[in-house]
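Shown next: entry04.cif, containing mmCIF, C-alpha atoms and all ligand atoms.
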data_input
#
loop_
_atom_site.label_atom_id
_atom_site.label_comp_id
_atom_site.auth_asym_id
_atom_site.auth_seq_id
_atom_site.Cartn_x
_atom_site.Cartn_y
_atom_site.Cartn_z
CA MET A 1 -19.55 11.54 10.16
CA THR A 2 -15.94 12.72 9.64
CA ARG A 3 -14.54 11.65 6.27
CA ARG A 4 -11.38 10.02 7.57
CA ILE A 5 -8.68 8.15 5.65
CA PHE A 6 -6.36 5.49 7.00
CA SER A 7 -3.75 3.68 4.90
CA GLY A 8 -0.32 2.13 5.33
CA MET A 9 2.62 0.32 3.74
CA GLN A 10 4.78 -2.46 5.07
CA PRO A 11 8.44 -1.63 5.79
CA THR A 12 9.49 -4.85 4.07
CA GLY A 13 11.97 -3.26 1.67
CA GLU A 14 12.30 -0.27 -0.59
CA LEU A 15 9.09 1.21 -1.92
CA HIS A 16 8.59 0.74 -5.65
CA LEU A 17 6.68 2.28 -8.51
CA GLY A 18 3.62 0.10 -7.74
CA ASN A 19 3.44 1.44 -4.19
CA TYR A 20 3.84 4.98 -5.52
CA LEU A 21 1.31 4.92 -8.37
CA GLY A 22 -1.14 2.50 -6.73
CA ALA A 23 -1.28 4.20 -3.35
CA LEU A 24 1.18 6.88 -2.24
CA ARG A 25 0.48 9.39 -5.00
CA ASN A 26 -3.24 9.12 -4.26
CA TRP A 27 -2.63 9.65 -0.53
CA VAL A 28 -0.97 12.97 -1.32
CA ALA A 29 -3.88 14.10 -3.52
CA LEU A 30 -6.49 13.05 -0.94
CA GLN A 31 -4.94 14.82 2.04
CA LYS A 32 -6.54 18.09 0.90
CA ASP A 33 -10.11 16.80 1.21
CA TYR A 34 -9.96 14.29 4.07
CA GLU A 35 -8.63 13.95 7.56
CA CYS A 36 -5.81 11.44 6.94
CA LEU A 37 -3.65 9.10 9.01
CA TYR A 38 -0.77 7.37 7.24
CA CYS A 39 0.96 4.51 8.93
CA VAL A 40 4.08 2.40 8.42
CA VAL A 41 2.63 -1.00 9.25
CA ASP A 42 5.62 -2.65 10.90
CA LEU A 43 3.49 -5.23 12.78
CA HIS A 44 2.26 -6.49 9.40
CA ALA A 45 5.88 -6.78 8.26
CA LEU A 46 6.42 -9.47 10.91
CA THR A 47 4.36 -11.89 8.84
CA LEU A 48 7.58 -12.33 6.81
CA PRO A 49 10.95 -12.98 8.52
CA GLN A 50 12.58 -9.60 9.29
CA ASP A 51 16.13 -8.71 10.23
CA PRO A 52 15.74 -6.66 13.45
CA SER A 53 18.57 -4.29 12.51
CA ARG A 54 16.87 -3.54 9.14
CA LEU A 55 13.28 -3.30 10.32
CA ALA A 56 13.57 0.01 12.21
CA ARG A 57 15.60 1.49 9.35
CA ASN A 58 13.07 0.34 6.75
CA THR A 59 10.29 1.89 8.84
CA ARG A 60 12.12 5.22 8.85
CA GLU A 61 12.84 5.00 5.11
CA THR A 62 9.21 4.25 4.36
CA ALA A 63 8.16 7.36 6.30
CA ALA A 64 10.83 9.36 4.39
CA ALA A 65 9.23 8.17 1.13
CA TYR A 66 5.80 9.39 2.31
CA PHE A 67 7.22 12.83 3.13
CA ALA A 68 9.25 13.00 -0.11
CA ALA A 69 6.13 12.14 -2.14
CA GLY A 70 4.34 15.10 -0.55
CA VAL A 71 2.51 13.80 2.52
CA ASP A 72 2.41 16.83 4.80
CA PRO A 73 3.25 15.83 8.38
CA LYS A 74 1.48 18.93 9.72
CA ARG A 75 -1.77 17.83 8.14
CA CYS A 76 -1.48 14.03 8.40
CA PRO A 77 0.19 12.06 11.18
CA VAL A 78 2.77 9.59 9.79
CA PHE A 79 3.58 7.00 12.44
CA ALA A 80 4.65 3.42 13.09
CA GLN A 81 1.84 0.93 13.72
CA SER A 82 3.78 -0.56 16.65
CA ALA A 83 3.78 2.85 18.38
CA VAL A 84 -0.01 2.66 18.80
CA PRO A 85 -0.72 -0.62 20.67
CA GLU A 86 -4.49 -0.19 20.23
CA HIS A 87 -4.19 -1.66 16.70
CA ALA A 88 -3.10 -5.03 18.14
CA TYR A 89 -5.67 -4.79 20.94
CA LEU A 90 -8.58 -4.24 18.57
CA HIS A 91 -7.25 -7.05 16.37
CA TRP A 92 -7.97 -9.46 19.23
CA LEU A 93 -11.46 -8.10 19.80
CA LEU A 94 -12.31 -8.28 16.08
CA SER A 95 -10.83 -11.76 15.67
CA ASN A 96 -13.80 -12.98 17.71
CA HIS A 97 -16.12 -11.74 14.96
CA THR A 98 -14.17 -13.23 12.03
CA PRO A 99 -15.25 -16.71 10.92
CA LEU A 100 -12.38 -18.90 9.68
CA GLY A 101 -14.29 -19.43 6.43
CA TRP A 102 -13.79 -15.76 5.58
CA LEU A 103 -10.03 -15.99 6.17
CA ASN A 104 -9.81 -19.23 4.17
CA ARG A 105 -10.90 -17.28 1.09
CA MET A 106 -8.02 -14.76 1.29
CA THR A 107 -5.85 -15.24 -1.79
CA GLN A 108 -2.81 -13.44 -0.35
CA PHE A 109 -2.46 -16.01 2.44
CA LYS A 110 -2.90 -18.87 -0.01
CA ASP A 111 -0.32 -17.43 -2.45
CA LYS A 112 2.31 -16.68 0.18
CA ALA A 113 1.85 -19.91 2.12
CA ALA A 114 1.95 -21.93 -1.14
CA LYS A 115 5.31 -20.34 -1.98
CA ASN A 116 6.81 -21.08 1.41
CA ARG A 117 5.31 -23.53 3.92
CA ASP A 118 7.37 -21.92 6.71
CA LEU A 119 5.10 -18.87 6.34
CA GLU A 120 1.96 -20.83 7.26
CA LEU A 121 1.71 -18.99 10.57
CA LEU A 122 -1.20 -17.61 12.56
CA GLY A 123 0.11 -14.05 12.04
CA LEU A 124 -0.01 -14.28 8.24
CA TYR A 125 -3.42 -15.97 8.40
CA SER A 126 -4.89 -13.21 10.53
CA TYR A 127 -3.14 -10.37 8.61
CA PRO A 128 -6.51 -9.18 7.19
CA VAL A 129 -8.00 -8.95 10.71
CA LEU A 130 -5.10 -6.76 11.83
CA MET A 131 -5.70 -4.66 8.73
CA ALA A 132 -9.38 -4.33 9.69
CA ALA A 133 -8.26 -3.24 13.16
CA ASP A 134 -5.82 -0.66 11.69
CA ILE A 135 -8.70 0.95 9.83
CA LEU A 136 -11.49 0.57 12.36
CA VAL A 137 -9.45 1.70 15.36
CA TYR A 138 -9.70 5.19 13.84
CA LYS A 139 -13.23 4.60 12.49
CA ALA A 140 -11.78 5.47 9.07
CA THR A 141 -14.39 5.81 6.33
CA HIS A 142 -12.07 5.63 3.28
CA VAL A 143 -8.98 3.56 2.50
CA PRO A 144 -6.86 4.38 -0.58
CA VAL A 145 -5.03 1.19 -1.67
CA GLY A 146 -3.87 -0.70 -4.74
CA GLU A 147 -6.15 -3.32 -6.24
CA ASP A 148 -4.32 -6.18 -4.48
CA GLN A 149 -5.82 -5.01 -1.18
CA LYS A 150 -9.44 -5.02 -2.41
CA GLN A 151 -10.23 -8.42 -0.96
CA HIS A 152 -8.77 -7.48 2.44
CA LEU A 153 -10.81 -4.28 2.41
CA GLU A 154 -13.98 -6.25 1.75
CA LEU A 155 -13.13 -8.38 4.77
CA SER A 156 -12.69 -5.22 6.87
CA ARG A 157 -16.21 -4.18 5.87
CA ASP A 158 -17.56 -7.65 6.69
CA VAL A 159 -15.89 -7.67 10.11
CA ALA A 160 -17.17 -4.17 10.91
CA GLY A 161 -20.69 -5.28 9.90
CA ALA A 162 -20.44 -8.50 11.94
CA PHE A 163 -19.43 -6.54 15.06
CA ASN A 164 -22.23 -4.01 14.58
CA ARG A 165 -24.84 -6.74 14.07
CA HIS A 166 -23.63 -8.87 16.98
CA TYR A 167 -23.98 -5.99 19.47
CA GLY A 168 -26.95 -4.33 17.75
CA VAL A 169 -25.02 -1.09 17.29
CA ASP A 170 -24.14 1.20 14.43
CA TYR A 171 -20.64 1.79 15.76
CA PHE A 172 -18.10 1.03 13.04
CA PRO A 173 -18.41 2.65 9.60
CA LEU A 174 -18.04 0.25 6.65
CA PRO A 175 -14.81 1.56 5.13
CA GLU A 176 -14.84 2.36 1.40
CA PRO A 177 -11.86 1.31 -0.75
CA GLN A 178 -10.43 4.08 -2.94
CA ILE A 179 -8.69 2.35 -5.85
CA LEU A 180 -7.75 5.27 -8.06
CA GLY A 181 -5.85 6.12 -11.24
CA GLU A 182 -4.60 4.09 -14.21
CA ALA A 183 -2.02 2.01 -12.32
CA THR A 184 -4.08 0.24 -9.67
CA ARG A 185 -2.20 -3.04 -10.17
CA VAL A 186 1.35 -2.55 -11.42
CA MET A 187 2.89 -5.78 -12.64
CA SER A 188 6.46 -7.08 -12.39
CA LEU A 189 8.77 -5.90 -15.18
CA ARG A 190 9.89 -9.53 -15.59
CA ASP A 191 6.50 -11.26 -15.59
CA GLY A 192 3.19 -9.66 -16.56
CA ALA A 193 1.29 -12.21 -14.48
CA ARG A 194 2.83 -11.21 -11.13
CA LYS A 195 2.37 -7.95 -9.30
CA MET A 196 5.33 -5.67 -8.67
CA SER A 197 6.26 -6.34 -5.07
CA LYS A 198 8.98 -5.50 -2.54
CA SER A 199 9.37 -9.15 -1.66
CA ASP A 200 10.09 -10.32 -5.25
CA GLU A 201 13.59 -11.81 -5.22
CA SER A 202 14.50 -10.13 -8.51
CA ASP A 203 15.41 -6.43 -8.25
CA TYR A 204 14.82 -6.24 -12.02
CA SER A 205 11.14 -6.94 -11.40
CA ARG A 206 10.56 -3.45 -9.97
CA ILE A 207 11.63 0.18 -10.09
CA ASN A 208 12.50 1.26 -6.55
CA LEU A 209 11.90 4.84 -5.48
CA THR A 210 15.60 4.94 -4.51
CA ASP A 211 16.88 3.79 -7.93
CA ASP A 212 19.22 6.22 -9.70
CA PRO A 213 18.58 7.16 -13.37
CA ASP A 214 21.02 4.52 -14.66
CA ALA A 215 19.26 1.76 -12.72
CA ILE A 216 15.83 2.97 -13.92
CA ARG A 217 17.00 2.99 -17.57
CA ARG A 218 18.64 -0.43 -17.24
CA LYS A 219 15.53 -2.01 -15.70
CA ILE A 220 13.22 -0.52 -18.31
CA GLN A 221 15.56 -1.62 -21.11
CA LYS A 222 15.48 -5.19 -19.76
CA ALA A 223 11.72 -5.20 -19.06
CA LYS A 224 9.99 -8.14 -20.72
CA THR A 225 7.85 -7.33 -23.78
CA ASP A 226 6.75 -9.21 -26.88
CA PRO A 227 7.96 -8.77 -30.49
CA HIS A 228 4.84 -6.89 -31.70
CA PRO A 229 4.48 -3.12 -32.11
CA ILE A 230 2.32 -1.15 -29.65
CA SER A 231 -1.37 -2.02 -29.99
CA GLU A 232 -3.91 0.22 -31.72
CA THR A 233 -6.69 -0.55 -29.24
CA LEU A 234 -7.14 -1.15 -25.51
CA GLU A 235 -8.82 -4.50 -26.30
CA ASP A 236 -5.75 -5.76 -28.16
CA LEU A 237 -3.39 -4.38 -25.49
CA ALA A 238 -5.32 -6.21 -22.76
CA LYS A 239 -4.26 -9.53 -24.35
CA ARG A 240 -0.55 -8.65 -23.94
CA PRO A 241 0.15 -8.41 -20.18
CA GLU A 242 3.76 -7.10 -20.31
CA ALA A 243 3.00 -4.56 -23.06
CA ASP A 244 -0.13 -3.49 -21.22
CA ASN A 245 1.88 -2.96 -18.02
CA LEU A 246 4.40 -0.65 -19.72
CA VAL A 247 1.68 1.39 -21.43
CA THR A 248 -0.24 1.60 -18.12
CA LEU A 249 2.85 2.83 -16.31
CA PHE A 250 3.55 5.38 -19.03
CA ALA A 251 -0.02 6.68 -18.80
CA ALA A 252 0.05 6.85 -15.00
CA LEU A 253 3.40 8.67 -14.94
CA GLU A 254 2.11 11.17 -17.50
CA GLY A 255 -1.20 11.49 -15.66
CA LYS A 256 -3.11 10.75 -18.91
CA PRO A 257 -5.57 7.99 -19.87
CA LYS A 258 -4.13 4.86 -21.51
CA LYS A 259 -6.05 5.43 -24.72
CA ASP A 260 -4.25 8.75 -25.05
CA VAL A 261 -0.89 6.97 -24.90
CA LEU A 262 -2.07 4.49 -27.55
CA ALA A 263 -3.26 7.33 -29.79
CA ARG A 264 0.28 8.76 -29.78
CA HIS A 265 2.42 5.58 -29.72
CA ALA A 266 0.43 2.83 -31.51
CA GLY A 267 2.50 1.09 -34.19
CA ARG A 268 5.88 1.95 -32.61
CA ASN A 269 8.18 -0.82 -31.52
CA PHE A 270 9.03 -1.20 -27.85
CA SER A 271 12.73 -0.32 -28.15
CA GLY A 272 11.84 3.29 -29.03
CA PHE A 273 8.94 3.44 -26.60
CA LYS A 274 11.14 2.18 -23.76
CA LYS A 275 13.55 5.09 -24.29
CA ASP A 276 10.69 7.61 -23.93
CA PHE A 277 9.34 5.66 -20.98
CA ALA A 278 12.75 5.70 -19.25
CA ASP A 279 13.05 9.49 -19.79
CA LEU A 280 9.59 10.01 -18.32
CA ALA A 281 10.23 7.71 -15.33
CA VAL A 282 13.54 9.45 -14.57
CA ALA A 283 11.91 12.89 -14.83
CA VAL A 284 9.10 11.94 -12.42
CA LEU A 285 11.12 9.87 -9.94
CA SER A 286 14.44 11.75 -9.70
CA PRO A 287 13.07 14.72 -7.70
CA LEU A 288 11.29 12.29 -5.36
CA THR A 289 14.47 10.23 -4.86
CA ALA A 290 16.49 13.38 -4.18
CA LYS A 291 13.95 14.52 -1.56
CA MET A 292 14.00 11.08 0.06
CA ARG A 293 17.80 11.24 0.34
CA ASP A 294 17.51 14.70 1.92
CA PHE A 295 15.00 13.45 4.49
CA MET A 296 17.18 10.45 5.29
CA LYS A 297 20.12 12.75 6.09
CA ASP A 298 18.26 13.80 9.23
CA GLU A 299 17.07 10.57 10.81
CA ALA A 300 16.51 12.29 14.15
CA GLU A 301 13.99 14.63 12.50
CA ILE A 302 12.07 11.72 10.95
CA ASP A 303 11.99 9.99 14.32
CA ARG A 304 10.76 13.20 15.95
CA LEU A 305 7.97 13.61 13.37
CA MET A 306 6.89 9.98 13.75
CA LYS A 307 6.88 10.11 17.54
CA GLU A 308 4.86 13.29 17.53
CA ALA A 309 2.47 11.73 14.99
CA ALA A 310 1.92 8.64 17.15
CA ALA A 311 1.14 10.91 20.08
CA ARG A 312 -1.47 12.67 17.90
CA ALA A 313 -3.02 9.45 16.58
CA ARG A 314 -3.11 7.46 19.81
CA PRO A 315 -5.78 9.37 21.77
CA LEU A 316 -8.32 8.75 18.97
CA ALA A 317 -7.45 5.04 18.86
CA SER A 318 -7.62 4.65 22.63
CA ARG A 319 -10.95 6.51 22.83
CA HIS A 320 -12.41 4.11 20.25
CA VAL A 321 -11.00 1.05 22.03
CA ARG A 322 -12.55 2.30 25.30
CA GLU A 323 -15.92 2.70 23.53
CA VAL A 324 -15.65 -0.78 21.98
CA LYS A 325 -14.76 -2.32 25.36
CA ASP A 326 -17.78 -0.61 26.82
CA ILE A 327 -20.04 -2.04 24.07
CA ILE A 328 -18.63 -5.53 24.70
CA GLY A 329 -18.87 -5.31 28.48
CA LEU A 330 -15.16 -5.40 29.22
CA TRP A 331 -13.62 -3.44 32.07
CA THR A 332 -12.42 -0.06 30.95
N1 LIG B 401 2.09 -3.68 -7.70
C1 LIG B 401 1.29 -2.80 -7.12
N2 LIG B 401 0.48 -2.03 -7.85
C2 LIG B 401 -0.35 -1.11 -7.26
N3 LIG B 401 -0.40 -0.93 -5.92
C3 LIG B 401 0.41 -1.70 -5.16
N4 LIG B 401 0.60 -1.77 -3.83
C4 LIG B 401 1.52 -2.73 -3.56
N5 LIG B 401 1.96 -3.27 -4.68
C5 LIG B 401 1.28 -2.67 -5.71
C6 LIG B 401 -0.11 -0.95 -2.86
O1 LIG B 401 0.88 -0.33 -2.03
C7 LIG B 401 0.38 -0.28 -0.69
C8 LIG B 401 1.39 -0.91 0.24
O2 LIG B 401 1.39 -2.31 0.05
P1 LIG B 401 2.45 -3.31 0.66
O3 LIG B 401 3.29 -2.64 1.66
O4 LIG B 401 1.76 -4.56 1.04
O5 LIG B 401 3.31 -3.51 -0.66
P2 LIG B 401 4.05 -4.67 -1.40
O6 LIG B 401 5.03 -4.01 -2.31
O7 LIG B 401 3.11 -5.64 -2.01
O8 LIG B 401 4.84 -5.34 -0.21
P3 LIG B 401 5.38 -6.75 -0.01
O9 LIG B 401 6.11 -6.72 1.29
O10 LIG B 401 6.15 -7.23 -1.19
O11 LIG B 401 4.09 -7.58 0.14
P4 LIG B 401 3.55 -8.68 -0.83
O12 LIG B 401 4.52 -9.80 -0.66
O13 LIG B 401 2.20 -8.92 -0.22
O14 LIG B 401 3.48 -8.20 -2.23
C9 LIG B 401 -0.98 -0.96 -0.70
O15 LIG B 401 -1.99 0.02 -0.83
C10 LIG B 401 -0.93 -1.81 -1.93
O16 LIG B 401 -2.22 -2.06 -2.47
#

How does the structure come out when it is put into structure tokens?
Amino acid sequence: MTRRIFSGMQPTGELHLGNYLGALRNWVALQKDYECLYCVVDLHALTLPQDPSRLARNTRETAAAYFAAGVDPKRCPVFAQSAVPEHAYLHWLLSNHTPLGWLNRMTQFKDKAAKNRDLELLGLYSYPVLMAADILVYKATHVPVGEDQKQHLELSRDVAGAFNRHYGVDYFPLPEPQILGEATRVMSLRDGARKMSKSDESDYSRINLTDDPDAIRRKIQKAKTDPHPISETLEDLAKRPEADNLVTLFAALEGKPKKDVLARHAGRNFSGFKKDFADLAVAVLSPLTAKMRDFMKDEAEIDRLMKEAAARARPLASRHVREVKDIIGLWT
């Protein structure tokens, strides 16, 4: 079976360091060894209210971030989810193999709906089924994501298995999550108990890939810590969520294990460490930000690449939907 990767990000705002270290950087590394499809999942974005004039622009900017990070459009199609209608079609077919009990367990729905009752909508509830469809419509075998998506990935596997069992076929692969690197769950710079997220109302909670060096330094300077020096051991660090987050980010940006960072910085206070951290973050992110700006200067070229990518991705998706319809007994 072809080792095929599918993954995507929502165009719900500017991408941040969590998106980069938890997913995007791994996508770039994996494109050498797998057949990859990378999507901007704009249908998923509709589970939160979106300003129509911003949505298309955010979709383009998200694609620009993929290219700037090193996703090669010749190797991997980068396209908008809404440009391949088979995702939504398969979502319907798979929703008939998804018991409500499975969806009731999804923590993302519970968290978001608890924050805002207006979001208690069918779309948000069935978000994980659309995610299963995104992956299975290409019969992807591997899905590189941050840790927050682990539960949704498990549901994708369960849905694929339920479909296979129901029809007595071995049609869908059970997609494997690839949760890689030190920074699989980057936390907010303001609160070590919440994940860094585009939808957090505080811009100080995250480092955006479009932030200039001054903004990066300011945000790191203001990042919440505690009064103690940097821990000697990983066990002690694990008890200090904000400190742990900064050390994790430092390690991920350096591409070294966390214990290496502790070996060099244990005993220092955070004011000094934050200066080194800011220098490192600026050094890693500035070239990426500059490339993103360059890509965004030619919007027509991004649109051309995305259109061409959708035209490359769609035949595979529509072949699979035809095969699935055939298995089910629908008219093809
Ligand atoms: N904090 C994070 N740490 C590590 N990985 C992360 N990802 C997201 N946040 C982190 C990974 O990035 C990919 C895209 O996810 P997304 O578009 O759902 O990102 P988001 O920033 O979480 O977006 P939103 O709009 O703000 O959504 P919510 O409100 O759900 O947080 C995924 O691979 C994800 O794991």

Per residue of region 34-77 of chain A within 12 Å of region 96-116 of chain A, record the nearest atom pair and its distance in Å to one decimal, counting all atoms listed in the file, with rows in chain order and ascending residue number, as JSON lines.
{"residue": "A:Thr47", "atom": "CA", "partner": "A:Lys112", "partner_atom": "CA", "distance": 10.1}
{"residue": "A:Leu48", "atom": "CA", "partner": "A:Lys112", "partner_atom": "CA", "distance": 9.5}
{"residue": "A:Pro49", "atom": "CA", "partner": "A:Asn116", "partner_atom": "CA", "distance": 11.5}

Around ligand LIG 401 (chain B), out to 6 Å and counting only C-alpha atoms and all ligand atoms, which residues are there? I want them as a ChimeraX atom specification.
/A:9-10,12,18-19,22-23,145-149,184-187,195-199

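Between CA of Asp214 (chain A) and CA of Ala193 (chain A) the interatomic distance comes to 25.9 Å.
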
Do a neighbour search on Pro85 (chain A) at 9 Å with all atoms listed in the file, toss out local chain neighbours closer than 3 positions, and write the hits as a count of residues only.
8

Scan for residues within 12 Å of the point (-4.0, 10.2, 17.0) in the coordinates of the file, using all atoms listed in the file, and reply as a short mmCIF file (atom, residue, chain, number, x, y, z; two decimals) with C-alpha atoms, in the frame of the given file.
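Resulting contents of out-v4.cif:
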data_model
loop_
_atom_site.label_atom_id
_atom_site.label_comp_id
_atom_site.auth_asym_id
_atom_site.auth_seq_id
_atom_site.Cartn_x
_atom_site.Cartn_y
_atom_site.Cartn_z
CA ARG A 4 -11.38 10.02 7.57
CA PHE A 6 -6.36 5.49 7.00
CA GLU A 35 -8.63 13.95 7.56
CA CYS A 36 -5.81 11.44 6.94
CA LEU A 37 -3.65 9.10 9.01
CA TYR A 38 -0.77 7.37 7.24
CA CYS A 39 0.96 4.51 8.93
CA ARG A 75 -1.77 17.83 8.14
CA CYS A 76 -1.48 14.03 8.40
CA PRO A 77 0.19 12.06 11.18
CA VAL A 78 2.77 9.59 9.79
CA PHE A 79 3.58 7.00 12.44
CA ALA A 80 4.65 3.42 13.09
CA GLN A 81 1.84 0.93 13.72
CA ALA A 83 3.78 2.85 18.38
CA VAL A 84 -0.01 2.66 18.80
CA PRO A 85 -0.72 -0.62 20.67
CA GLU A 86 -4.49 -0.19 20.23
CA HIS A 87 -4.19 -1.66 16.70
CA VAL A 137 -9.45 1.70 15.36
CA TYR A 138 -9.70 5.19 13.84
CA LYS A 139 -13.23 4.60 12.49
CA MET A 306 6.89 9.98 13.75
CA LYS A 307 6.88 10.11 17.54
CA GLU A 308 4.86 13.29 17.53
CA ALA A 309 2.47 11.73 14.99
CA ALA A 310 1.92 8.64 17.15
CA ALA A 311 1.14 10.91 20.08
CA ARG A 312 -1.47 12.67 17.90
CA ALA A 313 -3.02 9.45 16.58
CA ARG A 314 -3.11 7.46 19.81
CA PRO A 315 -5.78 9.37 21.77
CA LEU A 316 -8.32 8.75 18.97
CA ALA A 317 -7.45 5.04 18.86
CA SER A 318 -7.62 4.65 22.63
CA ARG A 319 -10.95 6.51 22.83
CA HIS A 320 -12.41 4.11 20.25
#

Provide the CA of Lys219 (chain A) to CA of Arg268 (chain A) distance in Å, to one decimal place.
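If I compute the distance from CA of Lys219 (chain A) to CA of Arg268 (chain A), I get 19.9 Å.
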
So how many Å separate CA of Arg218 (chain A) and CA of Val261 (chain A), to one decimal?
22.2 Å

What lies within 12 Å of Ala290 (chain A) using only C-alpha atoms, ignoring chain neighbours under 3 positions off, as a CSV table (one decimal) with C-alpha atoms, in the frame of the given file?
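Ended up saving to selection.csv:
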chain,number,residue,atom,x,y,z
A,64,ALA,CA,10.8,9.4,4.4
A,65,ALA,CA,9.2,8.2,1.1
A,67,PHE,CA,7.2,12.8,3.1
A,68,ALA,CA,9.2,13.0,-0.1
A,69,ALA,CA,6.1,12.1,-2.1
A,209,LEU,CA,11.9,4.8,-5.5
A,210,THR,CA,15.6,4.9,-4.5
A,211,ASP,CA,16.9,3.8,-7.9
A,212,ASP,CA,19.2,6.2,-9.7
A,213,PRO,CA,18.6,7.2,-13.4
A,282,VAL,CA,13.5,9.4,-14.6
A,283,ALA,CA,11.9,12.9,-14.8
A,284,VAL,CA,9.1,11.9,-12.4
A,285,LEU,CA,11.1,9.9,-9.9
A,286,SER,CA,14.4,11.8,-9.7
A,287,PRO,CA,13.1,14.7,-7.7
A,293,ARG,CA,17.8,11.2,0.3
A,294,ASP,CA,17.5,14.7,1.9
A,295,PHE,CA,15.0,13.4,4.5
A,296,MET,CA,17.2,10.4,5.3
A,297,LYS,CA,20.1,12.8,6.1

Of the listed residues A:Ile207, A:Leu155, A:Val143, A:Leu43, that which approaches Glu176 (chain A) most closely, counting all atoms listed in the file
A:Val143

I need the residue nearest Met292 (chain A) from this list: A:Asn208, A:Asn245, A:Thr2, A:Asn269. Use all atoms listed in the file for the distance.
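Of the candidates, the smallest distance to Met292 (chain A) is held by A:Asn208.
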
Using all atoms listed in the file, which protein or nucleic acid residues come within 9 Å of Arg217 (chain A)? Drop anything in the same chain fewer than 4 positions from it, and give the result as a PyMOL selection string.
chain A and resi 212-213+221-222+274-275+277-279+281-282

Proximity to Ser205 (chain A) - best of A:Ala223, A:Ala29, A:Ile302, A:Leu94, only C-alpha atoms
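Closest to Ser205 (chain A) of all the choices is A:Ala223.
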
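With distances taken over all atoms listed in the file, A:Gly192 is the one residue among A:Gly192, A:Leu262, A:Leu122, A:Phe273 lying closest to Lys239 (chain A).
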
Polymer residues at most 9 Å from (-7.5, 4.9, -13.2) by all atoms listed in the file, as a list in words
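Answer for this query, in the requested form: Ile179, Leu180, Gly181, Glu182, Ala183, Thr184, Ala252, Pro257 and Lys258 of chain A.
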
Restricting the calculation to only C-alpha atoms: of A:Gly255, A:Gly70, A:Gly8, A:Pro177, which residue gets closest to Ser156 (chain A)?
A:Pro177

Residue among A:Pro175, A:His91, A:Lys150, A:Glu299 lying closest to Val129 (chain A), counting all atoms listed in the file:
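Counting all atoms listed in the file, the residue closest to Val129 (chain A) is A:His91.
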